[in-house]
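Undergrad: Got my_file_26.cif for you, mmCIF, C-alpha atoms:
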```
data_my_file
#
loop_
_atom_site.label_atom_id
_atom_site.label_comp_id
_atom_site.auth_asym_id
_atom_site.auth_seq_id
_atom_site.Cartn_x
_atom_site.Cartn_y
_atom_site.Cartn_z
CA MET K 1 69.32 124.69 107.71
CA SER K 2 68.40 126.57 104.49
CA ASP K 3 64.99 127.00 102.96
CA LEU K 4 64.40 123.29 102.36
CA PRO K 5 61.52 121.81 104.36
CA THR K 6 62.53 119.41 107.10
CA LEU K 7 61.18 116.34 108.85
CA GLU K 8 61.36 115.79 112.60
CA LEU K 9 63.58 113.03 113.99
CA ASN K 10 62.54 111.02 117.03
CA ASP K 11 65.45 112.40 119.08
CA GLY K 12 64.31 116.01 118.69
CA GLY K 13 66.41 116.88 115.64
CA GLU K 14 65.40 117.46 112.05
CA ILE K 15 66.54 116.39 108.59
CA PRO K 16 66.04 118.02 105.17
CA ALA K 17 63.07 116.48 103.37
CA TRP K 18 65.18 115.47 100.35
CA GLY K 19 68.84 115.34 99.48
CA LEU K 20 71.79 114.22 97.39
CA GLY K 21 73.13 110.70 97.16
CA THR K 22 76.79 110.29 96.22
CA SER K 23 77.31 106.59 95.51
CA ALA K 24 79.47 105.80 92.43
CA HIS K 25 80.96 109.31 92.15
CA LYS K 26 84.52 109.72 93.42
CA GLY K 27 87.72 111.73 93.23
CA ARG K 28 88.12 115.14 91.68
CA ASP K 29 85.07 114.76 89.45
CA GLY K 30 82.97 113.71 92.41
CA ALA K 31 84.13 116.66 94.49
CA SER K 32 83.25 119.05 91.66
CA LEU K 33 79.83 117.44 91.18
CA PHE K 34 78.99 117.52 94.89
CA SER K 35 80.24 121.09 95.47
CA GLN K 36 78.07 122.35 92.61
CA ALA K 37 75.08 120.52 94.10
CA ILE K 38 75.71 122.21 97.45
CA ARG K 39 76.02 125.61 95.79
CA ASP K 40 72.75 124.93 93.98
CA GLY K 41 71.03 124.36 97.32
CA HIS K 42 71.41 120.73 98.35
CA ARG K 43 71.92 120.47 102.10
CA LEU K 44 71.48 116.76 102.86
CA ILE K 45 74.54 114.90 101.53
CA ASP K 46 74.68 111.11 101.88
CA THR K 47 77.99 109.23 101.74
CA ALA K 48 79.51 106.07 103.22
CA ALA K 49 82.90 104.58 103.99
CA GLN K 50 82.11 101.83 101.54
CA TYR K 51 81.55 104.29 98.68
CA GLY K 52 85.19 105.36 98.76
CA ASN K 53 84.23 109.00 98.28
CA GLU K 54 84.17 110.56 101.73
CA ALA K 55 87.29 112.56 100.89
CA ALA K 56 85.55 113.87 97.77
CA VAL K 57 82.52 114.87 99.86
CA GLY K 58 84.80 116.61 102.35
CA GLU K 59 86.54 118.50 99.56
CA ALA K 60 83.15 119.46 98.11
CA VAL K 61 82.10 120.93 101.45
CA LYS K 62 85.27 123.08 101.47
CA GLN K 63 84.82 124.18 97.86
CA ALA K 64 81.15 125.05 98.24
CA GLY K 65 81.78 127.53 101.05
CA VAL K 66 78.49 126.83 102.84
CA ALA K 67 78.53 127.07 106.63
CA ARG K 68 78.90 123.67 108.29
CA ASP K 69 75.78 124.09 110.38
CA GLU K 70 73.76 124.58 107.17
CA LEU K 71 74.65 121.07 106.00
CA PHE K 72 73.39 117.65 107.06
CA ILE K 73 76.12 115.08 106.33
CA THR K 74 75.38 111.35 106.60
CA THR K 75 77.93 108.54 106.57
CA LYS K 76 77.76 104.84 107.33
CA ILE K 77 79.65 102.18 109.26
CA ALA K 78 80.94 99.56 106.83
CA GLY K 79 80.47 95.86 107.48
CA GLY K 80 84.16 95.33 108.21
CA ASP K 81 84.09 98.03 110.91
CA GLN K 82 81.13 96.65 112.85
CA GLY K 83 81.53 95.71 116.51
CA GLU K 84 84.77 96.77 118.17
CA GLY K 85 85.80 98.64 115.01
CA THR K 86 82.85 101.02 115.09
CA ALA K 87 84.64 103.89 116.84
CA SER K 88 87.74 103.66 114.67
CA GLY K 89 85.54 103.31 111.58
CA LEU K 90 83.72 106.55 112.36
CA ALA K 91 87.00 108.25 113.27
CA GLU K 92 88.41 107.35 109.86
CA SER K 93 85.26 108.64 108.18
CA LEU K 94 85.62 111.94 110.00
CA ARG K 95 89.29 112.13 108.98
CA ARG K 96 88.48 111.55 105.32
CA LEU K 97 85.61 114.05 105.46
CA GLY K 98 87.74 116.60 107.29
CA LEU K 99 84.97 117.12 109.82
CA ASP K 100 84.73 117.10 113.61
CA TYR K 101 81.31 115.43 113.52
CA VAL K 102 78.71 114.10 111.13
CA ASP K 103 75.02 114.77 111.45
CA LEU K 104 73.92 111.17 111.01
CA THR K 105 75.71 107.81 111.16
CA LEU K 106 74.03 104.67 109.90
CA ILE K 107 74.90 100.98 110.11
CA HIS K 108 75.24 100.37 106.37
CA TRP K 109 73.97 96.75 106.26
CA PRO K 110 73.03 94.46 109.16
CA ASN K 111 75.32 91.64 107.93
CA PRO K 112 73.57 89.10 110.16
CA SER K 113 76.20 86.39 109.62
CA ARG K 114 78.63 88.47 111.69
CA GLY K 115 76.18 88.98 114.54
CA LEU K 116 77.65 92.40 115.36
CA TYR K 117 74.95 94.92 114.53
CA LEU K 118 73.71 95.12 118.15
CA GLN K 119 77.23 95.78 119.45
CA THR K 120 77.66 98.33 116.67
CA TRP K 121 74.42 100.04 117.73
CA THR K 122 75.59 100.21 121.34
CA GLU K 123 78.84 101.80 120.18
CA LEU K 124 76.97 104.32 118.05
CA ILE K 125 74.87 105.37 121.06
CA ARG K 126 78.12 106.07 122.92
CA LEU K 127 79.63 107.96 119.98
CA ARG K 128 76.47 110.04 119.69
CA ASP K 129 76.70 110.90 123.37
CA GLU K 130 80.34 111.91 122.82
CA GLY K 131 79.35 114.28 120.01
CA LYS K 132 81.03 112.45 117.13
CA THR K 133 77.65 112.12 115.43
CA LYS K 134 74.50 114.06 116.17
CA HIS K 135 72.05 111.32 115.24
CA ILE K 136 72.19 107.56 114.67
CA GLY K 137 70.21 105.24 112.47
CA VAL K 138 70.36 102.19 110.25
CA SER K 139 70.25 101.24 106.60
CA ASN K 140 68.67 98.16 105.03
CA PHE K 141 67.44 96.81 108.40
CA THR K 142 64.41 94.57 108.77
CA ILE K 143 61.59 95.26 111.21
CA ALA K 144 62.77 92.41 113.46
CA GLN K 145 66.31 93.77 113.53
CA MET K 146 65.15 97.26 114.51
CA GLU K 147 62.95 95.78 117.21
CA GLU K 148 65.98 93.92 118.56
CA LEU K 149 68.02 97.12 118.74
CA HIS K 150 65.26 98.83 120.70
CA ALA K 151 64.59 95.86 122.98
CA GLU K 152 68.26 95.70 124.00
CA THR K 153 69.05 99.43 124.27
CA GLY K 154 65.77 101.33 124.51
CA VAL K 155 66.84 103.44 121.51
CA TRP K 156 65.06 103.41 118.16
CA PRO K 157 66.98 104.47 115.06
CA VAL K 158 66.03 107.96 113.93
CA LEU K 159 65.99 106.74 110.33
CA ASN K 160 66.16 103.58 108.20
CA GLN K 161 67.55 104.09 104.71
CA ILE K 162 66.07 101.45 102.42
CA GLN K 163 65.70 100.57 98.76
CA LEU K 164 62.44 102.27 97.84
CA SER K 165 60.59 103.78 94.87
CA PRO K 166 57.04 103.54 93.48
CA ILE K 167 58.03 100.17 92.01
CA ILE K 168 59.41 99.04 95.40
CA GLY K 169 56.83 100.63 97.68
CA ARG K 170 57.74 98.92 101.01
CA LYS K 171 54.38 99.87 102.54
CA GLU K 172 54.62 97.54 105.55
CA MET K 173 58.07 98.90 106.40
CA ARG K 174 56.91 102.48 106.02
CA GLU K 175 53.95 101.85 108.33
CA PHE K 176 56.27 100.38 110.97
CA HIS K 177 58.56 103.40 110.68
CA THR K 178 55.64 105.79 111.13
CA GLU K 179 54.40 103.88 114.18
CA HIS K 180 57.80 104.25 115.89
CA GLY K 181 58.79 107.71 114.70
CA ILE K 182 61.49 106.41 112.35
CA VAL K 183 62.06 108.44 109.20
CA THR K 184 62.00 106.46 105.95
CA GLU K 185 64.83 107.41 103.60
CA ALA K 186 64.96 106.02 100.06
CA TRP K 187 68.07 104.94 98.24
CA ARG K 188 67.80 104.51 94.48
CA PRO K 189 64.47 106.41 94.60
CA LEU K 190 64.37 106.84 90.81
CA GLY K 191 64.38 103.08 90.21
CA PRO K 192 66.86 103.11 87.30
CA LYS K 193 67.40 99.36 87.23
CA GLU K 194 63.63 98.78 87.27
CA GLY K 195 62.96 101.18 84.39
CA LEU K 196 60.77 103.39 86.56
CA LEU K 197 61.18 106.66 84.66
CA ASP K 198 60.15 104.97 81.40
CA GLN K 199 56.81 103.82 82.80
CA ILE K 200 53.90 105.28 80.81
CA ILE K 201 52.15 106.36 84.02
CA VAL K 202 55.21 108.33 85.12
CA GLN K 203 55.62 109.89 81.68
CA ASN K 204 51.96 110.89 81.51
CA ILE K 205 51.97 112.50 84.95
CA ALA K 206 55.16 114.36 84.06
CA ARG K 207 53.40 115.91 81.08
CA GLU K 208 50.36 116.78 83.18
CA VAL K 209 52.36 118.62 85.86
CA GLU K 210 54.96 119.98 83.41
CA HIS K 211 57.90 118.58 85.35
CA SER K 212 60.40 115.85 84.60
CA PRO K 213 59.68 112.17 85.28
CA ALA K 214 62.41 112.23 87.94
CA GLN K 215 60.80 115.18 89.70
CA VAL K 216 57.45 113.38 89.64
CA VAL K 217 58.91 110.28 91.28
CA LEU K 218 60.79 112.29 93.89
CA ARG K 219 57.69 114.35 94.63
CA TRP K 220 55.75 111.11 95.14
CA ALA K 221 58.26 110.20 97.85
CA VAL K 222 58.11 113.62 99.49
CA GLN K 223 54.30 113.57 99.65
CA HIS K 224 54.49 110.18 101.38
CA GLY K 225 56.89 111.61 103.99
CA ILE K 226 59.82 109.69 102.52
CA VAL K 227 63.25 111.36 102.23
CA PRO K 228 64.60 110.58 98.74
CA ILE K 229 68.32 110.83 98.00
CA ALA K 230 69.06 110.86 94.28
CA VAL K 231 72.20 111.68 92.30
CA SER K 232 73.12 112.21 88.68
CA ALA K 233 76.46 112.68 86.94
CA LYS K 234 74.91 115.79 85.36
CA PRO K 235 74.88 118.90 87.58
CA GLU K 236 71.73 120.21 85.91
CA ARG K 237 69.88 117.03 86.84
CA ASN K 238 70.93 117.37 90.48
CA ALA K 239 69.65 120.95 90.44
CA GLU K 240 66.40 119.73 88.85
CA ASN K 241 66.02 117.03 91.53
CA LEU K 242 66.26 119.77 94.15
CA ALA K 243 63.30 121.71 92.73
CA LEU K 244 60.41 119.78 94.25
CA ASP K 245 58.46 122.40 96.15
CA ASP K 246 56.87 124.34 93.29
CA PHE K 247 54.31 121.68 92.38
CA SER K 248 52.31 118.85 93.92
CA LEU K 249 50.67 115.63 92.78
CA SER K 250 46.94 115.05 93.05
CA ASP K 251 45.46 112.18 95.03
CA GLU K 252 44.67 110.45 91.75
CA GLN K 253 48.24 110.83 90.49
CA MET K 254 49.62 109.53 93.77
CA ALA K 255 47.31 106.51 93.57
CA LEU K 256 48.47 105.76 90.02
CA LEU K 257 52.08 105.82 91.14
CA ASP K 258 51.27 103.68 94.19
CA ALA K 259 49.81 101.11 91.81
CA LEU K 260 53.24 100.56 90.23
CA ASP K 261 54.36 98.69 93.38
CA THR K 262 55.60 95.17 92.59
CA GLY K 263 56.16 94.16 96.22
CA GLU K 264 59.50 92.76 97.33
CA ARG K 265 60.47 91.35 93.94
CA PHE K 266 63.41 93.69 93.37
CA VAL K 267 64.50 94.16 97.00
CA TRP K 268 68.01 93.18 98.06
CA ASP K 269 67.30 90.85 100.99
CA PRO K 270 69.31 92.06 104.03
CA MET K 271 69.18 88.57 105.52
CA THR K 272 71.31 87.26 102.65
CA HIS K 273 72.87 90.31 100.98
CA GLU K 274 75.90 91.43 102.97
CA GLU K 275 78.51 94.10 102.27
CA TRP K 276 81.85 94.65 103.90
#
```
Take the structure in the file and write it out as structure tokens.

TA:
Amino acid sequence: MSDLPTLELNDGGEIPAWGLGTSAHKGRDGASLFSQAIRDGHRLIDTAAQYGNEAAVGEAVKQAGVARDELFITTKIAGGDQGEGTASGLAESLRRLGLDYVDLTLIHWPNPSRGLYLQTWTELIRLRDEGKTKHIGVSNFTIAQMEELHAETGVWPVLNQIQLSPIIGRKEMREFHTEHGIVTEAWRPLGPKEGLLDQIIVQNIAREVEHSPAQVVLRWAVQHGIVPIAVSAKPERNAENLALDDFSLSDEQMALLDALDTGERFVWDPMTHEEW
């Protein structure tokens, strides 16, 4: 799957150790941005029905000219497609992407008021067995919700994509994931709304290792076994975010970044935050 390092999934598969987010980029500009990122070496591409850019991702895959089996494409089941709409939701995602399968399908948010995430999980198990998606996981799920999925079906998610950065460390969640072989994937890993890259600690470490603040933060995630998915509107930044394997952070630098954790203060609570 290219020269990028990979992490093992609990179903026997593997996922690139870092990748490209796509949220907020759409249409022709999005397709151009994503195709350049793929040509530069990105192999893990994260999209979602709710982002409204699956068609742009599909076009980017065509433009980039990289073999399908070299790519790891993730999409997500939107809140409005949960339950009986899961199969049709994934079918529509595949149509927009122009693909026969995706590598990973996630339940985007648990949306507990609907009470459909367990039925959605059961449907995803079936769709995985039918080959529509190679792997299945969740996004923004709590520990209790993942335990419920496993208790009812015997299947753990391969991955939980959560809001995570040094400022939002989610240590308890990460420990649970490790215990059950669930990969931790970080959305918004650069903490833009929390001002992470402007932190003096981040800036100082960046000077010490002669890399950008963004690379420092992404490398922190990688050294913790977290899969970060970042995106920029600037192609050169996406290429920079890909270059994480030519340096490492010391134990002391990692500890300084760990100390930025503010707990759950900035976390979008999946018990109350719902998306459709």

Undergrad: Can you write out as CSV which residues of segment 206-248 of chain K fall within 10 Å of segment 172-181 of chain K, alongside each residue's closest atom pair and its distance in Å to one decimal, counting all atoms listed in the file and ordering rows by chain and ascending residue number?

TA:
```
residue,atom,partner,partner_atom,distance
K:His224,CA,K:Arg174,CA,9.3
K:Gly225,CA,K:Thr178,CA,9.3
K:Ile226,CA,K:Arg174,CA,8.5
```

Undergrad: Between K:Gly89, K:Gly27, K:Gly80, K:Gly191, single out the one closest to Thr105 of chain K, counting only C-alpha atoms.

TA: K:Gly89

Undergrad: Exactly which residues make up the result of the PyMOL selection byres ((chain K and resi 95) around 12) on this file, given as a list in words?

TA: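 Output of the PyMOL selection byres ((chain K and resi 95) around 12): Ala49, Glu54, Ala55, Ala56, Val57, Gly58, Glu59, Ser88, Gly89, Leu90, Ala91, Glu92, Ser93, Leu94, Arg96, Leu97, Gly98, Leu99, Asp100, Tyr101, Val102 and Lys132 of chain K.
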
Undergrad: Write out as an MDAnalysis selection string each polymer residue whose atoms come within 7 Å of Tyr117 of chain K, counting all atoms listed in the file; drop sequence neighbours fewer than 4 positions from it.

TA: chainID K and resid 82:83 110 121

Undergrad: How many Å separate atom CA of Leu257 of chain K from atom CA of Asn204 of chain K?

TA: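 Computing it gives 10.9 Å between the two atoms.
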
Undergrad: Hey, can you check how far atom CA of Ala186 of chain K sits from atom CA of Val216 of chain K?

TA: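 These two atoms are separated by 14.8 Å.
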
Undergrad: Residues within 8 Å of Asn241 of chain K, please, as a PyMOL selection string. Count all atoms listed in the file; anything in the same chain fewer than 3 positions from it doesn't count.

TA: chain K and resi 214-215+218+230+237-238+244

Undergrad: Kindly indicate which residue among K:Arg39, K:His150, K:Arg188, K:Lys193 lies nearest to Gly21 of chain K, using all atoms listed in the file for the distances.

TA: K:Arg188

Undergrad: What's the separation between atom CA of His273 of chain K and atom CA of His108 of chain K, in Å to one decimal place?

TA: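 Atom CA of His273 of chain K sits 11.7 Å away from atom CA of His108 of chain K.
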
Undergrad: Using the chain letters and numbers from this file, what does the PyMOL selection byres ((chain K and resi 217) around 10) select? Give the answer as a PyMOL selection string.

TA: chain K and resi 165-166+189-191+196-197+202+205-206+212-216+218-222+228+241+249+254+257

Undergrad: Residues as selected, C-alpha atoms, written as a PDB file, keeping the file's coordinate frame, can you do that?

TA:
```pdb
ATOM      1  CA  SER K 165      60.590 103.780  94.870  1.00  0.00           C
ATOM      2  CA  PRO K 166      57.040 103.540  93.480  1.00  0.00           C
ATOM      3  CA  PRO K 189      64.470 106.410  94.600  1.00  0.00           C
ATOM      4  CA  LEU K 190      64.370 106.840  90.810  1.00  0.00           C
ATOM      5  CA  GLY K 191      64.380 103.080  90.210  1.00  0.00           C
ATOM      6  CA  LEU K 196      60.770 103.390  86.560  1.00  0.00           C
ATOM      7  CA  LEU K 197      61.180 106.660  84.660  1.00  0.00           C
ATOM      8  CA  VAL K 202      55.210 108.330  85.120  1.00  0.00           C
ATOM      9  CA  ILE K 205      51.970 112.500  84.950  1.00  0.00           C
ATOM     10  CA  ALA K 206      55.160 114.360  84.060  1.00  0.00           C
ATOM     11  CA  SER K 212      60.400 115.850  84.600  1.00  0.00           C
ATOM     12  CA  PRO K 213      59.680 112.170  85.280  1.00  0.00           C
ATOM     13  CA  ALA K 214      62.410 112.230  87.940  1.00  0.00           C
ATOM     14  CA  GLN K 215      60.800 115.180  89.700  1.00  0.00           C
ATOM     15  CA  VAL K 216      57.450 113.380  89.640  1.00  0.00           C
ATOM     16  CA  LEU K 218      60.790 112.290  93.890  1.00  0.00           C
ATOM     17  CA  ARG K 219      57.690 114.350  94.630  1.00  0.00           C
ATOM     18  CA  TRP K 220      55.750 111.110  95.140  1.00  0.00           C
ATOM     19  CA  ALA K 221      58.260 110.200  97.850  1.00  0.00           C
ATOM     20  CA  VAL K 222      58.110 113.620  99.490  1.00  0.00           C
ATOM     21  CA  PRO K 228      64.600 110.580  98.740  1.00  0.00           C
ATOM     22  CA  ASN K 241      66.020 117.030  91.530  1.00  0.00           C
ATOM     23  CA  LEU K 249      50.670 115.630  92.780  1.00  0.00           C
ATOM     24  CA  MET K 254      49.620 109.530  93.770  1.00  0.00           C
ATOM     25  CA  LEU K 257      52.080 105.820  91.140  1.00  0.00           C
TER      26      LEU K 257
END
```

Undergrad: Where does the PyMOL selection byres ((chain K and resi 135) around 6) land in this file, that is, which residues does it pick, as a PDB file with C-alpha atoms, keeping the file's coordinate frame?

TA:
```pdb
ATOM      1  CA  ASP K 103      75.020 114.770 111.450  1.00  0.00           C
ATOM      2  CA  LEU K 104      73.920 111.170 111.010  1.00  0.00           C
ATOM      3  CA  THR K 133      77.650 112.120 115.430  1.00  0.00           C
ATOM      4  CA  LYS K 134      74.500 114.060 116.170  1.00  0.00           C
ATOM      5  CA  ILE K 136      72.190 107.560 114.670  1.00  0.00           C
TER       6      ILE K 136
END
```

Undergrad: Excluding Gln161 of chain K and residues on its chain fewer than 6 positions from it, collect all residues at most 10 Å away from it, counting all atoms listed in the file, and give them as a PDB file with C-alpha atoms, in the coordinates of the input.

TA:
```
ATOM      1  CA  LEU K 106      74.030 104.670 109.900  1.00  0.00           C
ATOM      2  CA  ILE K 107      74.900 100.980 110.110  1.00  0.00           C
ATOM      3  CA  HIS K 108      75.240 100.370 106.370  1.00  0.00           C
ATOM      4  CA  TRP K 109      73.970  96.750 106.260  1.00  0.00           C
ATOM      5  CA  GLY K 137      70.210 105.240 112.470  1.00  0.00           C
ATOM      6  CA  VAL K 138      70.360 102.190 110.250  1.00  0.00           C
ATOM      7  CA  SER K 139      70.250 101.240 106.600  1.00  0.00           C
ATOM      8  CA  ASN K 140      68.670  98.160 105.030  1.00  0.00           C
ATOM      9  CA  PHE K 141      67.440  96.810 108.400  1.00  0.00           C
ATOM     10  CA  VAL K 183      62.060 108.440 109.200  1.00  0.00           C
ATOM     11  CA  THR K 184      62.000 106.460 105.950  1.00  0.00           C
ATOM     12  CA  GLU K 185      64.830 107.410 103.600  1.00  0.00           C
ATOM     13  CA  ALA K 186      64.960 106.020 100.060  1.00  0.00           C
ATOM     14  CA  TRP K 187      68.070 104.940  98.240  1.00  0.00           C
ATOM     15  CA  ILE K 226      59.820 109.690 102.520  1.00  0.00           C
ATOM     16  CA  VAL K 227      63.250 111.360 102.230  1.00  0.00           C
ATOM     17  CA  PRO K 228      64.600 110.580  98.740  1.00  0.00           C
ATOM     18  CA  ILE K 229      68.320 110.830  98.000  1.00  0.00           C
TER      19      ILE K 229
END
```
